[in-house]
Structure formats: C-alpha cells, structure tokens
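Student: As input, take my_file.cif (mmCIF, C-alpha atoms):
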```cif
data_my_file
loop_
_atom_site.label_atom_id
_atom_site.label_comp_id
_atom_site.auth_asym_id
_atom_site.auth_seq_id
_atom_site.Cartn_x
_atom_site.Cartn_y
_atom_site.Cartn_z
CA MET N 80 -0.46 -24.38 39.01
CA GLU N 81 -3.14 -22.20 40.59
CA TYR N 82 -0.71 -19.28 40.57
CA PHE N 83 -0.16 -19.55 36.80
CA GLN N 84 -3.89 -19.84 36.22
CA HIS N 85 -4.41 -16.69 38.25
CA VAL N 86 -1.74 -14.85 36.25
CA LEU N 87 -3.26 -16.04 32.97
CA ILE N 88 -6.74 -14.87 33.96
CA ASN N 89 -5.38 -11.46 34.92
CA LEU N 90 -3.59 -11.17 31.59
CA LEU N 91 -6.77 -12.03 29.73
CA TRP N 92 -8.65 -9.34 31.63
CA VAL N 93 -5.96 -6.83 30.73
CA VAL N 94 -6.35 -7.70 27.05
CA VAL N 95 -10.15 -7.39 27.29
CA VAL N 96 -9.89 -4.00 29.00
CA MET N 97 -7.36 -2.73 26.45
CA LEU N 98 -9.61 -3.77 23.58
CA ALA N 99 -12.60 -2.14 25.23
CA VAL N 100 -10.67 1.09 25.71
CA GLU N 101 -9.44 1.07 22.13
CA ASN N 102 -12.84 0.36 20.63
CA GLY N 103 -14.80 2.41 23.13
CA CYS N 104 -18.57 2.36 23.32
CA ASN N 105 -19.03 3.78 19.83
CA GLY N 106 -18.65 0.62 17.78
CA CYS N 107 -15.77 1.81 15.65
CA LEU N 108 -12.40 2.83 17.03
CA GLU N 109 -12.16 6.23 18.62
CA LYS N 110 -9.34 7.30 16.31
CA GLU N 111 -11.46 6.38 13.30
CA ARG N 112 -14.48 8.27 14.68
CA ILE N 113 -12.29 11.37 15.11
CA ALA N 114 -10.92 10.93 11.57
CA LEU N 115 -14.45 10.68 10.19
CA LEU N 116 -15.38 13.96 11.87
CA GLN N 117 -12.25 15.59 10.44
CA LEU N 118 -13.19 14.26 7.02
CA LYS N 119 -16.70 15.64 7.41
CA HIS N 120 -15.26 19.07 8.21
CA SER N 121 -13.07 18.91 5.11
CA ILE N 122 -16.00 17.86 2.92
CA ASN N 123 -18.25 20.60 4.30
CA PHE N 124 -15.77 23.46 3.99
CA ALA N 125 -17.09 26.05 3.78
CA ASN N 126 -20.44 26.14 5.55
CA ARG N 127 -22.03 23.06 4.01
CA ALA N 128 -24.20 20.49 5.74
CA SER N 129 -23.43 17.10 4.22
CA LEU N 130 -23.31 13.92 6.32
CA PRO N 131 -25.70 15.01 9.10
CA SER N 132 -25.59 11.57 10.74
CA TRP N 133 -21.86 12.02 11.43
CA ASP N 134 -22.52 13.47 14.86
CA GLU N 135 -19.95 14.50 17.47
CA ASP N 136 -22.11 12.91 20.18
CA ASP N 137 -19.89 10.35 21.93
CA ASN N 138 -22.80 7.94 22.28
CA LYS N 139 -23.29 7.56 18.54
CA ASP N 140 -21.94 4.42 16.89
CA CYS N 141 -20.02 5.67 13.86
CA CYS N 142 -20.35 2.25 12.22
CA HIS N 143 -24.01 3.19 11.75
CA TRP N 144 -23.28 6.51 10.10
CA GLU N 145 -24.39 6.97 6.49
CA ARG N 146 -21.85 6.00 3.82
CA VAL N 147 -19.69 4.12 6.37
CA GLU N 148 -19.30 0.36 6.56
CA CYS N 149 -17.43 -1.47 9.32
CA ASN N 150 -16.23 -5.03 9.71
CA PHE N 151 -18.78 -6.79 11.89
CA THR N 152 -16.16 -8.45 14.07
CA THR N 153 -13.33 -5.92 14.34
CA ARG N 154 -15.51 -2.80 14.05
CA ARG N 155 -12.86 -1.26 11.82
CA VAL N 156 -14.01 0.95 8.96
CA ILE N 157 -13.69 -1.02 5.71
CA LYS N 158 -15.70 1.10 3.26
CA LEU N 159 -16.23 4.84 2.73
CA ASP N 160 -18.75 5.65 0.01
CA LEU N 161 -18.35 9.42 -0.32
CA GLY N 162 -19.20 9.93 -3.97
CA ASP N 163 -21.14 12.99 -5.14
CA ILE N 164 -21.14 14.89 -1.84
CA ARG N 165 -19.38 18.08 -2.88
CA ALA N 166 -20.18 18.19 -6.59
CA TYR N 167 -21.27 21.48 -8.15
CA TRP N 168 -21.62 23.41 -4.94
CA ARG N 169 -20.00 26.47 -6.39
CA SER N 170 -17.76 27.44 -9.30
CA ASP N 171 -14.65 27.77 -7.12
CA GLY N 172 -15.41 24.75 -4.98
CA TYR N 173 -12.29 22.66 -5.66
CA TRP N 174 -11.53 20.20 -2.88
CA HIS N 175 -7.94 19.87 -1.67
CA LEU N 176 -8.08 16.87 0.65
CA ASN N 177 -5.50 16.52 3.41
CA ALA N 178 -4.74 12.85 2.83
CA SER N 179 -3.34 12.37 6.34
CA ILE N 180 -6.94 12.43 7.61
CA LEU N 181 -7.33 8.97 6.06
CA LEU N 182 -4.42 7.37 7.92
CA PRO N 183 -6.45 5.85 10.80
CA PHE N 184 -8.50 3.75 8.37
CA GLU N 185 -5.93 0.96 8.30
CA SER N 186 -8.43 -1.74 7.27
CA LEU N 187 -10.02 0.25 4.45
CA GLN N 188 -10.99 -1.92 1.49
CA SER N 189 -13.11 0.44 -0.60
CA LEU N 190 -12.87 4.23 -1.03
CA ASN N 191 -15.21 6.25 -3.24
CA LEU N 192 -14.40 9.95 -3.67
CA SER N 193 -15.95 10.34 -7.11
CA ASP N 194 -17.71 13.45 -8.42
CA ASN N 195 -16.49 15.74 -5.64
CA GLN N 196 -14.49 18.42 -7.47
CA LEU N 197 -11.38 16.87 -5.90
CA HIS N 198 -8.38 18.77 -7.25
CA SER N 199 -5.51 17.38 -5.17
CA PHE N 200 -4.39 15.39 -2.17
CA VAL N 201 -2.36 17.69 0.05
CA GLY N 202 -0.08 17.00 2.99
CA THR N 203 3.41 15.58 3.36
CA GLU N 204 2.76 12.45 1.29
CA GLY N 205 -0.29 13.53 -0.67
CA ILE N 206 -2.06 10.70 -2.46
CA GLY N 207 1.00 8.53 -1.75
CA ILE N 208 -0.44 8.02 1.71
CA LEU N 209 -2.86 5.48 0.22
CA GLN N 210 -0.05 2.95 -0.10
CA ASN N 211 -0.39 2.45 3.66
CA PHE N 212 -3.69 0.70 3.02
CA SER N 213 -2.63 -2.84 2.19
CA ASN N 214 -6.27 -4.01 2.10
CA LEU N 215 -7.49 -1.38 -0.36
CA GLU N 216 -9.11 -3.13 -3.34
CA GLU N 217 -11.47 -0.49 -4.76
CA LEU N 218 -10.67 3.16 -5.47
CA ASP N 219 -13.16 5.36 -7.29
CA LEU N 220 -11.88 8.82 -8.27
CA ASN N 221 -14.16 9.34 -11.27
CA TYR N 222 -15.16 12.85 -12.38
CA ASN N 223 -12.80 15.00 -10.38
CA TYR N 224 -9.96 17.35 -11.39
CA LEU N 225 -6.91 15.14 -10.78
CA ASP N 226 -4.02 15.20 -13.26
CA ASN N 227 -1.23 12.79 -14.27
CA SER N 228 0.73 13.53 -11.10
CA VAL N 229 -1.42 11.06 -9.16
CA LEU N 230 -0.52 8.10 -11.37
CA PRO N 231 2.90 7.11 -9.93
CA SER N 232 1.40 6.91 -6.43
CA LEU N 233 -1.52 4.82 -7.64
CA ASN N 234 0.98 2.33 -9.01
CA LYS N 235 1.94 1.39 -5.45
CA LEU N 236 -1.56 0.18 -4.60
CA SER N 237 -0.71 -3.36 -5.60
CA ASN N 238 -3.90 -4.97 -4.23
CA LEU N 239 -6.29 -2.80 -6.23
CA LYS N 240 -8.89 -4.72 -8.19
CA LEU N 241 -10.92 -1.70 -9.29
CA LEU N 242 -9.61 1.72 -10.32
CA ARG N 243 -11.84 4.45 -11.73
CA LEU N 244 -10.29 7.64 -13.13
CA ALA N 245 -12.86 8.71 -15.74
CA GLY N 246 -13.47 12.37 -16.33
CA ASN N 247 -10.29 13.70 -14.71
CA GLU N 248 -7.61 15.96 -16.17
CA LEU N 249 -5.43 13.09 -17.41
CA ASN N 250 -3.68 13.49 -20.74
CA GLY N 251 -0.58 12.75 -22.76
CA SER N 252 1.29 9.47 -23.05
CA MET N 253 0.19 7.05 -20.39
CA TYR N 254 3.07 4.72 -21.21
CA VAL N 255 5.56 7.34 -20.12
CA GLU N 256 3.50 9.01 -17.44
CA GLY N 257 0.76 6.63 -16.49
CA ILE N 258 -0.34 3.17 -17.50
CA GLY N 259 3.27 2.11 -18.00
CA ILE N 260 3.66 3.00 -14.37
CA LEU N 261 0.32 1.49 -13.35
CA SER N 262 1.48 -1.80 -14.85
CA ASN N 263 2.44 -2.92 -11.34
CA LEU N 264 -1.26 -3.25 -10.56
CA THR N 265 -1.29 -6.91 -11.50
CA ASN N 266 -4.48 -7.64 -9.53
CA LEU N 267 -6.47 -4.96 -11.35
CA GLU N 268 -9.72 -6.33 -12.82
CA GLU N 269 -11.55 -3.12 -13.75
CA LEU N 270 -10.08 0.11 -15.15
CA ASP N 271 -12.20 3.11 -16.11
CA LEU N 272 -10.49 5.81 -18.22
CA ARG N 273 -13.47 7.31 -20.01
CA TRP N 274 -13.52 11.01 -20.87
CA THR N 275 -9.77 11.52 -20.69
CA LYS N 276 -7.45 12.63 -23.51
CA PHE N 277 -5.38 9.56 -24.28
CA GLY N 278 -4.61 8.28 -27.76
CA ASN N 279 -3.56 4.97 -29.25
CA ASP N 280 -0.15 5.08 -27.61
CA ILE N 281 -1.65 3.84 -24.36
CA LEU N 282 -2.88 0.54 -25.78
CA PRO N 283 0.31 -1.61 -25.78
CA SER N 284 0.81 -0.83 -22.13
CA LEU N 285 -2.57 -2.30 -21.22
CA ASN N 286 -1.16 -5.75 -21.91
CA LYS N 287 0.74 -5.46 -18.66
CA LEU N 288 -2.53 -5.58 -16.73
CA SER N 289 -2.84 -9.34 -16.98
CA ASN N 290 -5.96 -9.78 -14.82
CA LEU N 291 -7.97 -6.99 -16.44
CA LYS N 292 -11.58 -7.99 -17.17
CA PHE N 293 -13.35 -4.65 -17.70
CA LEU N 294 -11.77 -1.75 -19.58
CA ARG N 295 -13.58 1.50 -20.36
CA LEU N 296 -12.00 3.90 -22.84
CA ALA N 297 -14.99 5.76 -24.31
CA ARG N 298 -14.61 9.44 -25.27
CA ASN N 299 -10.85 9.35 -25.64
CA GLN N 300 -8.74 10.23 -28.69
CA LEU N 301 -8.38 6.71 -30.08
CA ASN N 302 -8.46 6.34 -33.85
CA GLY N 303 -7.61 4.05 -36.74
CA SER N 304 -6.84 0.35 -36.46
CA ILE N 305 -6.25 -0.96 -32.98
CA TYR N 306 -4.28 -4.08 -32.25
CA VAL N 307 -3.17 -5.09 -28.77
CA ARG N 308 -1.14 -8.26 -28.36
CA GLY N 309 -1.79 -10.45 -25.36
CA LYS N 310 -4.58 -11.30 -22.99
CA PHE N 311 -6.95 -8.91 -21.23
#
```
Take the structure from the file and write it as structure tokens.

Tutor:
Amino acid sequence: MEYFQHVLINLLWVVVVMLAVENGCNGCLEKERIALLQLKHSINFANRASLPSWDEDDNKDCCHWERVECNFTTRRVIKLDLGDIRAYWRSDGYWHLNASILLPFESLQSLNLSDNQLHSFVGTEGIGILQNFSNLEELDLNYNYLDNSVLPSLNKLSNLKLLRLAGNELNGSMYVEGIGILSNLTNLEELDLRWTKFGNDILPSLNKLSNLKFLRLARNQLNGSIYVRGKF
C-alpha cells in the first residue's frame, strides 16, 4: 500500500512540475506570450510603437499587459481587445495579418481587430484558422477593408454570439455569397452590417439567424417595403 502511495505522490509531483513548466513564471503560457510578441511586431510594422507594455522581459506577466485578459484559473488568454491600434497611420498602411500567429490562443473567447486597416488574413488557412477556436463567442472586425471572401470562413464559427462587420468592403448578394452562408451561426445574437452595400435581397436570409436579438443595417442600400417572415 505504501508503495502505491509513493508512486501516486511522485506522479502528482510530475504533473505539478509539467504544469509549472508549461505556464512558466509569466502568468500566461509561454507559447501565448511569444505569440503576443509576434502579434505586436505585426501590428507595429513598420516602425510603430503601439502596445508598449508588451515587453520581451521574461519576468513580465503577459496576463497584465494592456488589452489582454486571461482566465484567472488557467492563465490562458481569453480576450484580445486590439481595436483602433493601427488606424490611419498612413495612406498605404493596410494590415495583412498572418493568422497563424493566433493559433496558440486556444481558449480565446473574444477578439477585437476593429478599425485597424485590416485588408486580409494571410497564411495557409487565412481567416479559416479561426475555426480552431471553439470557445470564440465575440468577433469584432468593424471598419476594416475585408471583402466577401471572408464570409464562408466566418460561417464555421458556430459558437459566435456577436459578429461585427460594419464598414468593410462587403457587397453584392449576401444570400449567395454571405448571409446565406452565415446562416450556420445559429447562436448569433448580434450582427452589425452597417455601412456596407447590401440591398433588400439579404433580408429573407436573416430569418435563418434564429437567436438574433440585435441587427444593425444602417447606411446600406435598402429601399421600398420590407417584409421578413419569421422571428428575429
């Protein structure tokens, strides 16, 4: 009996040590700290100075960095509030984000990249990489330069409750190229499509979003009588 107790205690110590190594002394996981620094470099290209608290000093707890929120227990990053960091820096300042940088944030629940002159998600999977985040509930991409090509990938984010796409380069028939595809987002409660170029043909497709509570369509090309059957 004493032998098994000894073995059990040793196993528990191994687990404790492994967790300590994985989480390190920095609060958040080392791989997430490295990813945050890579993200900072991408945001600051070229020669900008945003996010000064995101320091490469190994003794800094990245859970305390500005615009970062971690789970208190697991110390995993759960929220990145990166809106309005790159906006209007320069006329040619489009941001092409390598989406693979985001992969370590496996527990991410909320991602705000709004108002950053974001033009595309590059890399092997592009924006499709976001489907790896099964906990993602809020995605804010307002006021960037994204086009309809992002919509099929967004459809795979089945746990989204909030999706903001206002002020992007979306246009055409959303039933064929967009909302008809986004109809798989059955948990969606808020959808922001202001300042896009959609007309009345998008409206019947909105019925598919059965849990929708807040819908913003201002400054579109809607006209005439509008009738949408079903519940919003």

Student: Might you pull out every residue within 6 Å of Leu187 (chain N), with only C-alpha atoms counted and same-chain residues fewer than 6 positions away left off, and present them as a list in words?

Tutor: Ile157, Lys158 and Leu215 of chain N

Student: Mind pulling up the distance from CA of Thr203 (chain N) to CA of Leu249 (chain N)?

Tutor: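 Interatomic distance here is 22.7 Å.
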
Student: Could you spell out the hits of the PyMOL selection byres ((chain N and resi 231-245) around 8) on the shown file, as a PyMOL selection string?

Tutor: chain N and resi 206-207+209-210+212-222+228-230+246-247+256-257+260-275

Student: To one decimal in Å, tell me the separation between CA of Pro131 (chain N) and CA of Gly202 (chain N).

Tutor: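 Between CA of Pro131 (chain N) and CA of Gly202 (chain N) the gap is 26.4 Å.
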
Student: Could you tell me how far CA of Leu291 (chain N) sits from CA of Phe277 (chain N), in Å to one decimal place?

Tutor: 18.5 Å

Student: Counting all atoms listed in the file, which of N:Ser121, N:Asn138, N:Ser132, N:Asn211 gets nearest to Leu197 (chain N)?

Tutor: N:Ser121

Student: Carefully work through the PyMOL selection byres ((chain N and resi 115) around 10) for this structure and note down the residues it includes, as a list in words.

Tutor: Glu109, Lys110, Glu111, Arg112, Ile113, Ala114, Leu116, Gln117, Leu118, Lys119, His120, Ser121, Trp133, Asp134, Glu135, Cys141, Trp144, Val147, Val156, Leu159, Ile180, Leu181, Pro183 and Phe184 of chain N

Student: Name the residues captured by the PyMOL selection byres ((chain N and resi 161) around 6) when it is applied to the shown file; answer as a VMD selection string.

Tutor: chain N and resid 159 to 160 162 191 to 192

Student: Extract region 151-202 of chain N from the structure I just pasted (atoms: C-alpha atoms) and return it as a compact mmCIF listing (two decimals), in the first residue's frame.

Tutor:
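Wrote decode38.txt, looks like this:
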```
# COMPACT_ATOMS: atom_id res chain seq x y z
CA PHE N 151 -7.92 33.66 -13.59
CA THR N 152 -7.54 29.94 -13.02
CA THR N 153 -5.95 28.58 -16.20
CA ARG N 154 -3.99 31.74 -17.08
CA ARG N 155 -4.94 31.22 -20.72
CA VAL N 156 -5.61 34.28 -22.84
CA ILE N 157 -9.38 34.62 -23.31
CA LYS N 158 -9.72 38.16 -24.67
CA LEU N 159 -7.70 40.35 -27.04
CA ASP N 160 -9.04 43.89 -27.38
CA LEU N 161 -6.91 45.25 -30.23
CA GLY N 162 -9.31 47.72 -31.80
CA ASP N 163 -8.08 51.04 -33.20
CA ILE N 164 -4.35 50.40 -32.86
CA ARG N 165 -3.25 50.75 -36.47
CA ALA N 166 -5.94 53.04 -37.84
CA TYR N 167 -4.95 55.94 -40.09
CA TRP N 168 -1.23 55.63 -39.60
CA ARG N 169 -0.51 56.21 -43.24
CA SER N 170 -2.31 56.07 -46.58
CA ASP N 171 -0.69 52.76 -47.59
CA GLY N 172 -0.93 51.21 -44.15
CA TYR N 173 -3.04 48.14 -44.96
CA TRP N 174 -2.56 45.32 -42.48
CA HIS N 175 -2.15 41.78 -43.81
CA LEU N 176 -2.28 39.66 -40.66
CA ASN N 177 -0.62 36.25 -40.64
CA ALA N 178 -3.47 34.38 -38.98
CA SER N 179 -1.21 31.54 -37.81
CA ILE N 180 0.10 33.90 -35.12
CA LEU N 181 -3.26 33.47 -33.39
CA LEU N 182 -3.11 29.66 -33.17
CA PRO N 183 -1.71 29.43 -29.61
CA PHE N 184 -4.74 31.26 -28.20
CA GLU N 185 -6.80 28.08 -27.94
CA SER N 186 -9.10 29.43 -25.19
CA LEU N 187 -9.85 32.74 -26.90
CA GLN N 188 -13.41 33.91 -26.33
CA SER N 189 -13.32 37.49 -27.62
CA LEU N 190 -11.25 39.04 -30.43
CA ASN N 191 -11.44 42.70 -31.41
CA LEU N 192 -9.47 43.75 -34.51
CA SER N 193 -11.72 46.65 -35.49
CA ASP N 194 -10.59 49.91 -37.09
CA ASN N 195 -7.10 48.66 -37.97
CA GLN N 196 -6.96 48.95 -41.78
CA LEU N 197 -7.01 45.14 -41.86
CA HIS N 198 -7.07 44.09 -45.51
CA SER N 199 -6.62 40.32 -45.30
CA PHE N 200 -5.70 37.31 -43.23
CA VAL N 201 -2.70 35.66 -44.87
CA GLY N 202 -1.08 32.28 -44.35
```
